[in-house]
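Undergrad: Input query-v7.pdb, format and content: PDB, C-alpha atoms.
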```pdb
ATOM      1  CA  MET A 133       0.000   0.000   0.000
ATOM      2  CA  SER A 134       1.107   3.578  -0.547
ATOM      3  CA  TYR A 135      -0.164   7.083   0.053
ATOM      4  CA  THR A 136      -0.593   9.961  -2.331
ATOM      5  CA  ALA A 137      -0.502  13.678  -1.776
ATOM      6  CA  HIS A 138      -2.637  14.286  -4.851
ATOM      7  CA  LYS A 139      -5.444  16.712  -3.971
ATOM      8  CA  ASP A 140      -4.238  16.472  -0.364
ATOM      9  CA  ARG A 141      -5.762  13.011   0.065
ATOM     10  CA  GLU A 142      -4.450  10.702   2.769
ATOM     11  CA  THR A 143      -6.521   7.648   1.888
ATOM     12  CA  PRO A 144      -4.457   4.464   1.443
ATOM     13  CA  VAL A 145      -4.214   3.528  -2.216
ATOM     14  CA  THR A 146      -2.842   0.617  -4.194
ATOM     15  CA  MET A 147      -0.693   1.504  -7.186
ATOM     16  CA  HIS A 148      -0.771  -0.723 -10.256
ATOM     17  CA  SER A 149       2.115   0.849 -12.122
ATOM     18  CA  GLU A 150       5.175  -0.183 -10.164
ATOM     19  CA  ALA A 151       8.487  -0.522 -11.987
ATOM     20  CA  HIS A 152       8.628  -3.473 -14.405
ATOM     21  CA  THR A 153       4.908  -4.287 -14.013
ATOM     22  CA  TYR A 154       3.105  -1.311 -15.560
ATOM     23  CA  PHE A 155       0.857  -1.837 -18.554
ATOM     24  CA  SER A 156       2.179  -1.067 -22.042
ATOM     25  CA  ALA A 157      -0.359  -0.389 -24.795
ATOM     26  CA  GLN A 158       2.131  -0.549 -27.655
ATOM     27  CA  PRO A 159       1.977  -4.326 -28.306
ATOM     28  CA  PHE A 160      -1.787  -4.006 -28.762
ATOM     29  CA  LEU A 161      -1.766  -1.093 -31.238
ATOM     30  CA  THR A 162      -1.830  -1.634 -34.999
ATOM     31  CA  GLY A 163      -0.018   1.660 -35.596
ATOM     32  CA  ILE A 164      -2.834   3.328 -37.506
ATOM     33  CA  PRO A 165      -2.549   7.066 -36.666
ATOM     34  CA  THR A 166      -5.333   8.503 -34.533
ATOM     35  CA  LYS A 167      -6.093  11.995 -33.309
ATOM     36  CA  TRP A 168      -4.117  13.554 -30.470
ATOM     37  CA  MET A 169      -6.102  13.579 -27.245
ATOM     38  CA  ASN A 170      -5.362  15.957 -24.382
ATOM     39  CA  ASN A 171      -8.830  17.207 -23.442
ATOM     40  CA  ARG A 172     -10.850  15.539 -20.686
ATOM     41  CA  GLU A 173     -14.128  17.089 -21.838
ATOM     42  CA  GLU A 174     -13.640  15.532 -25.262
ATOM     43  CA  LEU A 175     -12.473  12.208 -23.843
ATOM     44  CA  MET A 176     -15.156  11.543 -21.220
ATOM     45  CA  PRO A 177     -18.071  11.024 -23.668
ATOM     46  CA  LEU A 178     -16.022   8.290 -25.380
ATOM     47  CA  ILE A 179     -15.264   6.642 -22.041
ATOM     48  CA  GLU A 180     -18.900   6.864 -20.972
ATOM     49  CA  GLU A 181     -20.166   5.485 -24.288
ATOM     50  CA  THR A 182     -17.756   2.541 -24.215
ATOM     51  CA  PHE A 183     -18.520   1.754 -20.583
ATOM     52  CA  GLU A 184     -22.276   1.948 -21.028
ATOM     53  CA  LYS A 185     -22.281  -0.200 -24.170
ATOM     54  CA  ARG A 186     -20.087  -2.771 -22.428
ATOM     55  CA  THR A 187     -21.794  -2.961 -19.034
ATOM     56  CA  GLY A 188     -25.243  -1.453 -19.541
ATOM     57  CA  ALA A 189     -24.534   0.888 -16.619
ATOM     58  CA  LYS A 190     -23.458   4.497 -16.236
ATOM     59  CA  PHE A 191     -19.762   5.192 -15.729
ATOM     60  CA  PRO A 192     -19.057   4.943 -11.961
ATOM     61  CA  ASN A 193     -19.034   8.205 -10.050
ATOM     62  CA  ASP A 194     -16.321   6.843  -7.756
ATOM     63  CA  ILE A 195     -13.737   6.683 -10.582
ATOM     64  CA  LEU A 196     -12.209  10.005 -11.630
ATOM     65  CA  VAL A 197     -10.292  10.097 -14.916
ATOM     66  CA  HIS A 198      -7.395  12.521 -15.419
ATOM     67  CA  ILE A 199      -5.708  13.133 -18.771
ATOM     68  CA  CYS A 200      -2.389  14.817 -18.105
ATOM     69  CA  ASN A 201       0.543  16.446 -19.795
ATOM     70  CA  ASP A 202       3.920  14.917 -18.965
ATOM     71  CA  GLU A 203       4.607  17.287 -16.060
ATOM     72  CA  ASP A 204       1.256  16.762 -14.337
ATOM     73  CA  PHE A 205       1.411  13.015 -14.928
ATOM     74  CA  ALA A 206       4.828  12.772 -13.272
ATOM     75  CA  LYS A 207       3.598  14.893 -10.369
ATOM     76  CA  GLY A 208       0.584  12.632  -9.847
ATOM     77  CA  PHE A 209       2.671   9.459 -10.097
ATOM     78  CA  GLY A 210       5.463  10.595  -7.788
ATOM     79  CA  PRO A 211       9.003   9.184  -7.521
ATOM     80  CA  GLY A 212       9.981   6.562 -10.076
ATOM     81  CA  CYS A 213       7.912   7.880 -12.946
ATOM     82  CA  THR A 214       9.399   7.220 -16.393
ATOM     83  CA  ASP A 215       8.362   8.228 -19.896
ATOM     84  CA  SER A 216       7.342   4.629 -20.614
ATOM     85  CA  ILE A 217       4.530   4.683 -18.047
ATOM     86  CA  ARG A 218       1.371   5.792 -19.839
ATOM     87  CA  GLY A 219      -1.236   5.303 -17.134
ATOM     88  CA  PHE A 220      -1.788   4.264 -13.541
ATOM     89  CA  CYS A 221      -4.589   3.740 -11.062
ATOM     90  CA  GLN A 222      -4.834   4.883  -7.453
ATOM     91  CA  ASN A 223      -7.391   2.359  -6.264
ATOM     92  CA  ARG A 224      -9.505   3.401  -3.263
ATOM     93  CA  PHE A 225     -12.430   1.110  -4.070
ATOM     94  CA  GLY A 226     -14.972   1.105  -1.255
ATOM     95  CA  LYS A 227     -13.158   3.864   0.656
ATOM     96  CA  ALA A 228     -13.063   6.956  -1.560
ATOM     97  CA  VAL A 229     -12.919   8.050  -5.185
ATOM     98  CA  SER A 230     -10.305   6.169  -7.228
ATOM     99  CA  ASP A 231      -8.106   8.180  -9.576
ATOM    100  CA  VAL A 232      -7.159   6.929 -13.037
ATOM    101  CA  PHE A 233      -4.360   8.875 -14.713
ATOM    102  CA  VAL A 234      -3.419   8.672 -18.380
ATOM    103  CA  ARG A 235      -0.897  10.663 -20.375
ATOM    104  CA  HIS A 236      -2.082  12.727 -23.288
ATOM    105  CA  GLY A 237      -1.353  11.042 -26.607
ATOM    106  CA  ASP A 238      -2.864   9.273 -29.601
ATOM    107  CA  LEU A 239      -6.504   8.470 -28.937
ATOM    108  CA  ALA A 240      -6.120   4.721 -29.573
ATOM    109  CA  GLU A 241      -3.380   4.448 -26.955
ATOM    110  CA  VAL A 242      -5.233   6.668 -24.477
ATOM    111  CA  MET A 243      -8.426   4.599 -24.772
ATOM    112  CA  LEU A 244      -6.577   1.298 -24.445
ATOM    113  CA  VAL A 245      -4.633   2.421 -21.372
ATOM    114  CA  LEU A 246      -7.860   3.706 -19.829
ATOM    115  CA  GLY A 247      -9.590   0.367 -20.380
ATOM    116  CA  HIS A 248      -6.852  -1.418 -18.461
ATOM    117  CA  GLU A 249      -6.654   1.073 -15.598
ATOM    118  CA  ILE A 250     -10.445   1.329 -15.232
ATOM    119  CA  GLY A 251     -10.419  -2.462 -14.966
ATOM    120  CA  HIS A 252      -8.164  -2.124 -11.916
ATOM    121  CA  ALA A 253     -10.451   0.488 -10.339
ATOM    122  CA  MET A 254     -13.677  -1.491 -10.752
ATOM    123  CA  THR A 255     -13.091  -3.608  -7.640
ATOM    124  CA  ALA A 256     -10.782  -3.782  -4.649
ATOM    125  CA  PRO A 257      -7.281  -5.068  -5.514
ATOM    126  CA  LEU A 258      -6.844  -8.834  -5.494
ATOM    127  CA  ARG A 259      -4.167 -10.394  -3.308
ATOM    128  CA  ASP A 260      -2.290 -12.162  -6.111
ATOM    129  CA  GLN A 261      -0.761  -9.577  -8.441
ATOM    130  CA  ARG A 262      -1.168 -11.945 -11.388
ATOM    131  CA  ASP A 263      -4.891 -12.206 -10.685
ATOM    132  CA  GLU A 264      -5.069  -8.417 -10.373
ATOM    133  CA  GLU A 265      -3.440  -8.024 -13.779
ATOM    134  CA  ALA A 266      -5.655 -10.757 -15.249
ATOM    135  CA  LYS A 267      -8.667  -8.846 -13.925
ATOM    136  CA  ALA A 268      -7.542  -5.667 -15.673
ATOM    137  CA  PHE A 269      -6.692  -7.547 -18.893
ATOM    138  CA  ALA A 270     -10.100  -9.238 -18.970
ATOM    139  CA  PHE A 271     -11.805  -5.868 -18.653
ATOM    140  CA  SER A 272      -9.540  -4.240 -21.244
ATOM    141  CA  LEU A 273     -10.245  -7.073 -23.710
ATOM    142  CA  ALA A 274     -13.967  -6.522 -23.227
ATOM    143  CA  TRP A 275     -13.302  -2.782 -23.588
ATOM    144  CA  MET A 276     -11.435  -3.273 -26.891
ATOM    145  CA  GLU A 277     -14.139  -5.597 -28.183
ATOM    146  CA  THR A 278     -16.755  -2.940 -27.447
ATOM    147  CA  ILE A 279     -14.786  -0.224 -29.224
ATOM    148  CA  ARG A 280     -14.325  -2.537 -32.208
ATOM    149  CA  ASP A 281     -17.920  -3.797 -32.356
ATOM    150  CA  HIS A 282     -19.407  -0.279 -32.141
ATOM    151  CA  ASN A 283     -16.533   1.474 -33.954
ATOM    152  CA  ILE A 284     -16.338   4.037 -31.173
ATOM    153  CA  ALA A 285     -14.327   7.099 -32.257
ATOM    154  CA  ASP A 286     -13.576   5.248 -35.515
ATOM    155  CA  LEU A 287     -11.054   3.042 -33.669
ATOM    156  CA  ARG A 288     -12.264  -0.328 -35.006
ATOM    157  CA  ASN A 289      -8.954  -1.147 -36.718
ATOM    158  CA  SER A 290      -6.620   0.322 -34.111
ATOM    159  CA  PHE A 291      -6.115  -2.751 -31.887
ATOM    160  CA  HIS A 292      -4.857  -6.306 -32.041
ATOM    161  CA  PHE A 293      -4.413  -8.728 -29.159
ATOM    162  CA  GLN A 294      -0.826  -9.499 -28.136
ATOM    163  CA  PRO A 295       0.570  -9.241 -24.585
ATOM    164  CA  ALA A 296       3.746  -7.554 -23.419
ATOM    165  CA  GLN A 297       6.351 -10.237 -22.695
ATOM    166  CA  ASN A 298       7.448  -9.168 -19.211
ATOM    167  CA  GLY A 299       6.724 -12.163 -16.997
ATOM    168  CA  LEU A 300       3.626 -10.644 -15.428
ATOM    169  CA  HIS A 301       1.360  -9.162 -18.087
ATOM    170  CA  ASP A 302       1.983 -12.023 -20.527
ATOM    171  CA  VAL A 303       1.163 -14.585 -17.807
ATOM    172  CA  ALA A 304      -1.982 -12.698 -16.831
ATOM    173  CA  PHE A 305      -3.006 -12.164 -20.456
ATOM    174  CA  ASN A 306      -2.421 -15.801 -21.444
ATOM    175  CA  PHE A 307      -4.460 -16.885 -18.432
ATOM    176  CA  VAL A 308      -7.362 -14.709 -19.582
ATOM    177  CA  LEU A 309      -7.089 -16.059 -23.133
ATOM    178  CA  HIS A 310      -7.052 -19.621 -21.772
ATOM    179  CA  ILE A 311     -10.321 -18.960 -19.913
ATOM    180  CA  ILE A 312     -11.913 -17.265 -22.933
ATOM    181  CA  LYS A 313     -11.006 -20.234 -25.152
ATOM    182  CA  THR A 314     -13.055 -22.473 -22.847
ATOM    183  CA  GLY A 315     -16.146 -20.491 -23.848
ATOM    184  CA  THR A 316     -16.321 -17.749 -21.211
ATOM    185  CA  ASP A 317     -16.412 -14.245 -22.667
ATOM    186  CA  ALA A 318     -14.087 -11.453 -21.515
ATOM    187  CA  ILE A 319     -16.536  -9.536 -19.317
ATOM    188  CA  THR A 320     -17.695 -12.719 -17.561
ATOM    189  CA  THR A 321     -14.065 -13.686 -17.042
ATOM    190  CA  PHE A 322     -13.492 -10.249 -15.509
ATOM    191  CA  MET A 323     -16.416 -10.707 -13.102
ATOM    192  CA  ASN A 324     -15.303 -14.234 -12.156
ATOM    193  CA  ILE A 325     -11.751 -13.062 -11.420
ATOM    194  CA  CYS A 326     -13.128 -10.189  -9.332
ATOM    195  CA  ALA A 327     -15.279 -12.643  -7.376
ATOM    196  CA  GLY A 328     -12.346 -15.001  -6.839
ATOM    197  CA  THR A 329     -14.079 -17.929  -8.539
ATOM    198  CA  THR A 330     -11.432 -17.841 -11.286
ATOM    199  CA  SER A 331      -7.784 -17.467 -10.283
ATOM    200  CA  ILE A 332      -4.331 -18.098 -11.669
ATOM    201  CA  THR A 333      -3.490 -19.801  -8.388
ATOM    202  CA  HIS A 334      -6.128 -22.436  -9.226
ATOM    203  CA  THR A 335      -4.682 -23.095 -12.700
ATOM    204  CA  LEU A 336      -1.535 -25.059 -13.547
ATOM    205  CA  GLU A 337       1.218 -22.675 -14.666
ATOM    206  CA  GLN A 338       2.184 -24.915 -17.581
ATOM    207  CA  ILE A 339      -1.288 -24.423 -19.059
ATOM    208  CA  ILE A 340      -1.007 -20.633 -19.204
ATOM    209  CA  ILE A 341       2.715 -20.065 -19.822
ATOM    210  CA  ARG A 342       3.779 -21.013 -23.333
TER
END
```
Please, can you express the file's structure as structure tokens?

TA:
Amino acid sequence: MSYTAHKDRETPVTMHSEAHTYFSAQPFLTGIPTKWMNNREELMPLIEETFEKRTGAKFPNDILVHICNDEDFAKGFGPGCTDSIRGFCQNRFGKAVSDVFVRHGDLAEVMLVLGHEIGHAMTAPLRDQRDEEAKAFAFSLAWMETIRDHNIADLRNSFHFQPAQNGLHDVAFNFVLHIIKTGTDAITTFMNICAGTTSITHTLEQIIIR
């Protein structure tokens, strides 16, 4: 657990962007240029549309999205911030408003990073970090599918599905894909991981690590 001075809050938060484990959107992007996004007022309707089409519910009022320039992003993140980190979540689920931060950038990358970080903020953090990452990947897969199926912001062709090979995200991602291949869709997988009924710790490592 860690604390943040952002907006003078002292609520304990869990960070999901520690060194060597933060999410990278690049392996999932096709490279098709998209518009530059640095305006929260322009971004929020896209977030709300994607969330509502995916879940059938309004975007949660206990998740606050920030789109930041490099200086403000580094200030919000604190020590250890690098240029490679594109987003992070300060998860206060059940205690206070959770903050999701994303750097300004190409819209496809911004939306993909947001899908992953919102997935973290949807429930309290899970004890096993691999399960926590699998939870966020399951939600981000459902998020990408929704953007593709509804062509939100004309991003249908902006994504493909390949994990970052870093020993955590690839394990979590392959676990999610393994579950999906058994016939469970991404959003149901997300809910099952959140509930603890699906867990990497209950699955043989040789099944999910290739």

Undergrad: Can you write out as a Markdown table which residues of range 193-279 of chain A fall within 9 Å of range 159-162 of chain A, alongside each residue's closest atom pair and its distance in Å to one decimal, counting only C-alpha atoms and ordering rows by chain and ascending residue number?

TA:
```
| residue | atom | partner | partner_atom | distance |
| --- | --- | --- | --- | --- |
| A:Ala240 | CA | A:Leu161 | CA | 7.5 |
| A:Glu241 | CA | A:Leu161 | CA | 7.2 |
| A:Leu244 | CA | A:Phe160 | CA | 8.3 |
```

Undergrad: Given the file shown, determine the residues that the PyMOL selection byres ((chain A and resi 239) around 7) selects; report them as a ChimeraX atom specification.

TA: /A:166-169,237-238,240-243

Undergrad: What's the 9 Å shell around range 273-285 of chain A, counting all atoms listed in the file, without same-chain residues fewer than 4 positions away, as a PyMOL selection string?

TA: chain A and resi 178+181-183+185-186+239-240+243-244+247-248+268-269+289-293+317-319+322

Undergrad: Running the PyMOL selection byres ((chain A and resi 199) around 8) on this model by hand, what would come out? Give it as a list in words.

TA: Asn170, Asn171, Arg172, Val197, His198, Cys200, Asn201, Phe233, Val234, Arg235 and His236 of chain A

Undergrad: Just the number, please: distance in Å from CA of Phe155 in chain A to CA of Asp263 in chain A, one decimal.

TA: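 Between these atoms lies a distance of 14.2 Å.
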
Undergrad: Determine the residue membership of the PyMOL selection byres ((chain A and resi 195) around 12) for the file above and supply it as an NGL selection string.

TA: :A and (176 or 179-180 or 190-194 or 196-198 or 221-233 or 246 or 249-255)

Undergrad: Please dump the current selection as a PDB file, in the coordinates of the input; keep C-alpha atoms.

TA:
```pdb
ATOM      1  CA  MET A 176     -15.156  11.543 -21.220  1.00  0.00           C
ATOM      2  CA  ILE A 179     -15.264   6.642 -22.041  1.00  0.00           C
ATOM      3  CA  GLU A 180     -18.900   6.864 -20.972  1.00  0.00           C
ATOM      4  CA  LYS A 190     -23.458   4.497 -16.236  1.00  0.00           C
ATOM      5  CA  PHE A 191     -19.762   5.192 -15.729  1.00  0.00           C
ATOM      6  CA  PRO A 192     -19.057   4.943 -11.961  1.00  0.00           C
ATOM      7  CA  ASN A 193     -19.034   8.205 -10.050  1.00  0.00           C
ATOM      8  CA  ASP A 194     -16.321   6.843  -7.756  1.00  0.00           C
ATOM      9  CA  LEU A 196     -12.209  10.005 -11.630  1.00  0.00           C
ATOM     10  CA  VAL A 197     -10.292  10.097 -14.916  1.00  0.00           C
ATOM     11  CA  HIS A 198      -7.395  12.521 -15.419  1.00  0.00           C
ATOM     12  CA  CYS A 221      -4.589   3.740 -11.062  1.00  0.00           C
ATOM     13  CA  GLN A 222      -4.834   4.883  -7.453  1.00  0.00           C
ATOM     14  CA  ASN A 223      -7.391   2.359  -6.264  1.00  0.00           C
ATOM     15  CA  ARG A 224      -9.505   3.401  -3.263  1.00  0.00           C
ATOM     16  CA  PHE A 225     -12.430   1.110  -4.070  1.00  0.00           C
ATOM     17  CA  GLY A 226     -14.972   1.105  -1.255  1.00  0.00           C
ATOM     18  CA  LYS A 227     -13.158   3.864   0.656  1.00  0.00           C
ATOM     19  CA  ALA A 228     -13.063   6.956  -1.560  1.00  0.00           C
ATOM     20  CA  VAL A 229     -12.919   8.050  -5.185  1.00  0.00           C
ATOM     21  CA  SER A 230     -10.305   6.169  -7.228  1.00  0.00           C
ATOM     22  CA  ASP A 231      -8.106   8.180  -9.576  1.00  0.00           C
ATOM     23  CA  VAL A 232      -7.159   6.929 -13.037  1.00  0.00           C
ATOM     24  CA  PHE A 233      -4.360   8.875 -14.713  1.00  0.00           C
ATOM     25  CA  LEU A 246      -7.860   3.706 -19.829  1.00  0.00           C
ATOM     26  CA  GLU A 249      -6.654   1.073 -15.598  1.00  0.00           C
ATOM     27  CA  ILE A 250     -10.445   1.329 -15.232  1.00  0.00           C
ATOM     28  CA  GLY A 251     -10.419  -2.462 -14.966  1.00  0.00           C
ATOM     29  CA  HIS A 252      -8.164  -2.124 -11.916  1.00  0.00           C
ATOM     30  CA  ALA A 253     -10.451   0.488 -10.339  1.00  0.00           C
ATOM     31  CA  MET A 254     -13.677  -1.491 -10.752  1.00  0.00           C
ATOM     32  CA  THR A 255     -13.091  -3.608  -7.640  1.00  0.00           C
TER      33      THR A 255
END
```

Undergrad: As an exercise, work out the distance from CA of Phe305 in chain A to CA of Ala256 in chain A in Å and give it to one decimal place.

TA: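 Those two atoms sit 19.5 Å apart.
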
Undergrad: One decimal, Å: what's the distance from CA of Ile164 in chain A over to CA of Glu265 in chain A, could you say?

TA: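 Spanning CA of Ile164 in chain A to CA of Glu265 in chain A is a straight-line distance of 26.3 Å.
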
Undergrad: Output as JSON the centre and edge lengths (Å, one decimal) of the box along x, y and z of the file that holds every listed atom of range 179-193 of chain A after adding 8 Å on each side.

TA:
```
{"center_x": -20.3, "center_y": 2.6, "center_z": -17.2, "size_x": 26.0, "size_y": 27.2, "size_z": 30.2}
```

Undergrad: Ranking A:Arg288, A:Ile217, A:Gly208, A:Ala270 by minimum distance to Val308 in chain A and counting all atoms listed in the file, which one comes first?

TA: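 Between A:Arg288, A:Ile217, A:Gly208, A:Ala270, the residue approaching Val308 in chain A most closely is A:Ala270.
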
Undergrad: Compare A:Thr329, A:Leu309, A:Asp286, A:Val303 by their minimum atom-to-atom distance to Pro165 in chain A, counting only C-alpha atoms, and give me the closest one.

TA: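 For Pro165 in chain A, the nearest of the given residues is A:Asp286.
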
Undergrad: N, CA and C atoms are needed for range 235-247 of chain A; please write them out as a PDB file, keeping the file's coordinate frame.

TA:
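Here's the written file part_29.pdb:
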```pdb
ATOM      1  N   ARG A 235      -1.591   9.589 -19.666  1.00  0.00           N
ATOM      2  CA  ARG A 235      -0.897  10.663 -20.375  1.00  0.00           C
ATOM      3  C   ARG A 235      -1.658  11.048 -21.626  1.00  0.00           C
ATOM      4  N   HIS A 236      -1.553  12.326 -21.989  1.00  0.00           N
ATOM      5  CA  HIS A 236      -2.082  12.727 -23.288  1.00  0.00           C
ATOM      6  C   HIS A 236      -1.339  11.973 -24.380  1.00  0.00           C
ATOM      7  N   GLY A 237      -1.987  11.785 -25.536  1.00  0.00           N
ATOM      8  CA  GLY A 237      -1.353  11.042 -26.607  1.00  0.00           C
ATOM      9  C   GLY A 237      -2.351  10.679 -27.680  1.00  0.00           C
ATOM     10  N   ASP A 238      -1.958   9.743 -28.559  1.00  0.00           N
ATOM     11  CA  ASP A 238      -2.864   9.273 -29.601  1.00  0.00           C
ATOM     12  C   ASP A 238      -4.087   8.636 -28.952  1.00  0.00           C
ATOM     13  N   LEU A 239      -5.255   8.909 -29.535  1.00  0.00           N
ATOM     14  CA  LEU A 239      -6.504   8.470 -28.937  1.00  0.00           C
ATOM     15  C   LEU A 239      -6.559   6.963 -28.741  1.00  0.00           C
ATOM     16  N   ALA A 240      -6.071   6.181 -29.706  1.00  0.00           N
ATOM     17  CA  ALA A 240      -6.120   4.721 -29.573  1.00  0.00           C
ATOM     18  C   ALA A 240      -5.357   4.263 -28.339  1.00  0.00           C
ATOM     19  N   GLU A 241      -4.164   4.817 -28.124  1.00  0.00           N
ATOM     20  CA  GLU A 241      -3.380   4.448 -26.955  1.00  0.00           C
ATOM     21  C   GLU A 241      -4.064   4.901 -25.680  1.00  0.00           C
ATOM     22  N   VAL A 242      -4.565   6.121 -25.666  1.00  0.00           N
ATOM     23  CA  VAL A 242      -5.233   6.668 -24.477  1.00  0.00           C
ATOM     24  C   VAL A 242      -6.417   5.782 -24.093  1.00  0.00           C
ATOM     25  N   MET A 243      -7.250   5.410 -25.074  1.00  0.00           N
ATOM     26  CA  MET A 243      -8.426   4.599 -24.772  1.00  0.00           C
ATOM     27  C   MET A 243      -8.047   3.204 -24.294  1.00  0.00           C
ATOM     28  N   LEU A 244      -7.002   2.632 -24.864  1.00  0.00           N
ATOM     29  CA  LEU A 244      -6.577   1.298 -24.445  1.00  0.00           C
ATOM     30  C   LEU A 244      -6.019   1.325 -23.027  1.00  0.00           C
ATOM     31  N   VAL A 245      -5.182   2.302 -22.725  1.00  0.00           N
ATOM     32  CA  VAL A 245      -4.633   2.421 -21.372  1.00  0.00           C
ATOM     33  C   VAL A 245      -5.768   2.624 -20.368  1.00  0.00           C
ATOM     34  N   LEU A 246      -6.732   3.464 -20.726  1.00  0.00           N
ATOM     35  CA  LEU A 246      -7.860   3.706 -19.829  1.00  0.00           C
ATOM     36  C   LEU A 246      -8.646   2.429 -19.555  1.00  0.00           C
ATOM     37  N   GLY A 247      -8.862   1.608 -20.591  1.00  0.00           N
ATOM     38  CA  GLY A 247      -9.590   0.367 -20.380  1.00  0.00           C
ATOM     39  C   GLY A 247      -8.914  -0.526 -19.361  1.00  0.00           C
TER      40      GLY A 247
END
```
